Amino acid sequence: MQEILNALRQIPCVTSVEHLNDSIQDDSFNMESIRNLLVNRKKVTLIGKNGCAVFFAQKSNIILIRSEANVNLGAIDLLLDSIK
């Protein structure tokens, strides 16, 4: 998993890659809401004019990928699809 996270960080325009879990004490993350978003899907992509956010769930892991507005979402998808 760490190799995938490092590869995601190398994609141009990706600003951060974070592994989210219940121990996060940041009030800006409501883990229950994020889990509810991902109940019936593996990935949720939010696209805005200032950037994108991709939430990816695998088993109990949730990964948040933040990027600038002009990121290559296909490159992110390719790496996420390679996670077994």
# chains A, B, ... in the order shown; residues from 1 in each chain; ligands from 1
>>> residues_around(residues="stretch 36-41 of chain A", least_positions_apart="2", cutoff="8 Å", atoms="only C-alpha atoms", output="number ranges by chain")
A: 32-34, 43-44, 55-57
>>> write_last_selection(atoms="all heavy atoms", output="CSV table (one decimal), in the first residue's frame")
chain,number,residue,atom,x,y,z
A,32,GLU,N,-17.5,9.3,9.8
A,32,GLU,CA,-18.8,8.6,9.6
A,32,GLU,C,-19.4,9.1,8.2
A,32,GLU,O,-19.9,8.3,7.5
A,32,GLU,CB,-19.7,8.9,10.7
A,32,GLU,CG,-20.9,8.0,10.7
A,32,GLU,CD,-20.7,6.6,10.8
A,32,GLU,OE1,-19.7,6.2,11.4
A,32,GLU,OE2,-21.4,5.8,10.2
A,33,SER,N,-19.3,10.4,8.0
A,33,SER,CA,-19.9,10.9,6.7
A,33,SER,C,-19.1,10.4,5.5
A,33,SER,O,-19.7,10.0,4.5
A,33,SER,CB,-19.8,12.4,6.7
A,33,SER,OG,-20.7,12.9,7.7
A,34,ILE,N,-17.8,10.3,5.6
A,34,ILE,CA,-17.0,9.8,4.5
A,34,ILE,C,-17.3,8.3,4.3
A,34,ILE,O,-17.4,7.9,3.2
A,34,ILE,CB,-15.5,10.0,4.8
A,34,ILE,CG1,-15.2,11.5,4.9
A,34,ILE,CG2,-14.6,9.3,3.8
A,34,ILE,CD1,-13.8,11.8,5.4
A,43,LYS,N,-14.9,4.3,-4.8
A,43,LYS,CA,-14.2,5.6,-5.0
A,43,LYS,C,-15.3,6.7,-5.3
A,43,LYS,O,-16.3,6.5,-5.9
A,43,LYS,CB,-13.3,5.5,-6.2
A,43,LYS,CG,-12.6,6.7,-6.6
A,43,LYS,CD,-11.7,6.5,-7.8
A,43,LYS,CE,-12.6,6.3,-9.0
A,43,LYS,NZ,-12.0,6.3,-10.3
A,44,VAL,N,-15.0,7.9,-4.7
A,44,VAL,CA,-15.8,9.1,-4.9
A,44,VAL,C,-14.9,10.2,-5.3
A,44,VAL,O,-13.9,10.4,-4.6
A,44,VAL,CB,-16.6,9.5,-3.7
A,44,VAL,CG1,-17.3,10.8,-3.9
A,44,VAL,CG2,-17.6,8.4,-3.3
A,55,PHE,N,-11.8,10.2,-2.8
A,55,PHE,CA,-11.8,9.3,-1.6
A,55,PHE,C,-11.9,7.9,-2.2
A,55,PHE,O,-12.7,7.6,-3.0
A,55,PHE,CB,-13.1,9.6,-0.8
A,55,PHE,CG,-13.1,10.9,-0.1
A,55,PHE,CD1,-13.7,12.0,-0.6
A,55,PHE,CD2,-12.4,11.0,1.2
A,55,PHE,CE1,-13.7,13.2,0.1
A,55,PHE,CE2,-12.4,12.2,1.9
A,55,PHE,CZ,-13.0,13.3,1.3
A,56,PHE,N,-11.0,7.1,-1.7
A,56,PHE,CA,-10.8,5.7,-2.2
A,56,PHE,C,-10.9,4.8,-0.9
A,56,PHE,O,-10.2,5.0,0.0
A,56,PHE,CB,-9.5,5.5,-2.9
A,56,PHE,CG,-9.3,4.1,-3.3
A,56,PHE,CD1,-9.9,3.5,-4.4
A,56,PHE,CD2,-8.4,3.3,-2.6
A,56,PHE,CE1,-9.7,2.2,-4.8
A,56,PHE,CE2,-8.1,2.0,-3.0
A,56,PHE,CZ,-8.8,1.5,-4.1
A,57,ALA,N,-11.8,3.8,-1.0
A,57,ALA,CA,-11.9,2.8,0.1
A,57,ALA,C,-11.4,1.4,-0.3
A,57,ALA,O,-11.8,1.0,-1.4
A,57,ALA,CB,-13.3,2.7,0.5
>>> residues_around(residues="stretch 70-82 of chain A", least_positions_apart="2", cutoff="9 Å", atoms="only C-alpha atoms", output="PyMOL selection string")
chain A and resi 4+7-8+11-14+50-52+54+56+65+67-68+84
>>> write_last_selection(atoms="C-alpha atoms", output="compact mmCIF listing (two decimals), in the first residue's frame")
# COMPACT_ATOMS: atom_id res chain seq x y z
CA ILE A 4 0.89 3.04 -4.20
CA ALA A 7 3.31 6.68 -6.60
CA LEU A 8 0.17 8.79 -6.20
CA ILE A 11 1.58 12.38 -10.17
CA PRO A 12 1.84 15.98 -11.40
CA CYS A 13 -0.71 18.32 -9.79
CA VAL A 14 -1.41 15.96 -6.84
CA ASN A 50 -10.01 25.02 -7.52
CA GLY A 51 -9.14 21.34 -7.37
CA CYS A 52 -10.27 17.76 -6.96
CA VAL A 54 -10.72 11.56 -4.52
CA PHE A 56 -10.85 5.71 -2.15
CA ILE A 65 -6.09 12.33 -2.69
CA SER A 67 -5.09 17.75 -6.39
CA GLU A 68 -5.04 20.92 -8.38
CA LYS A 84 -5.46 -5.51 -4.77
>>> select_by_dssp(residues="stretch 14-51 of chain A", states="strand (DSSP E)", output="NGL selection string")
:A and (14-20 or 43-48 or 51)
>>> closest_residue(among="A:Leu64, A:Ile83, A:Ile47, A:Ala69", to="A:His19", atoms="only C-alpha atoms")
A:Leu64
>>> select_by_dssp(residues="chain A", states="helix (DSSP H, G or I)", output="ChimeraX atom specification")
/A:2-9,31-37,73-81
>>> atom_distance(atom1="atom CA of A:Gly48", atom2="atom CA of A:Asp27")
21.5 Å
>>> atom_distance(atom1="atom CA of A:Ser16", atom2="atom CA of A:Asn61")
16.4 Å
>>> atom_distance(atom1="atom CA of A:Arg35", atom2="atom CA of A:Gln10")
26.3 Å
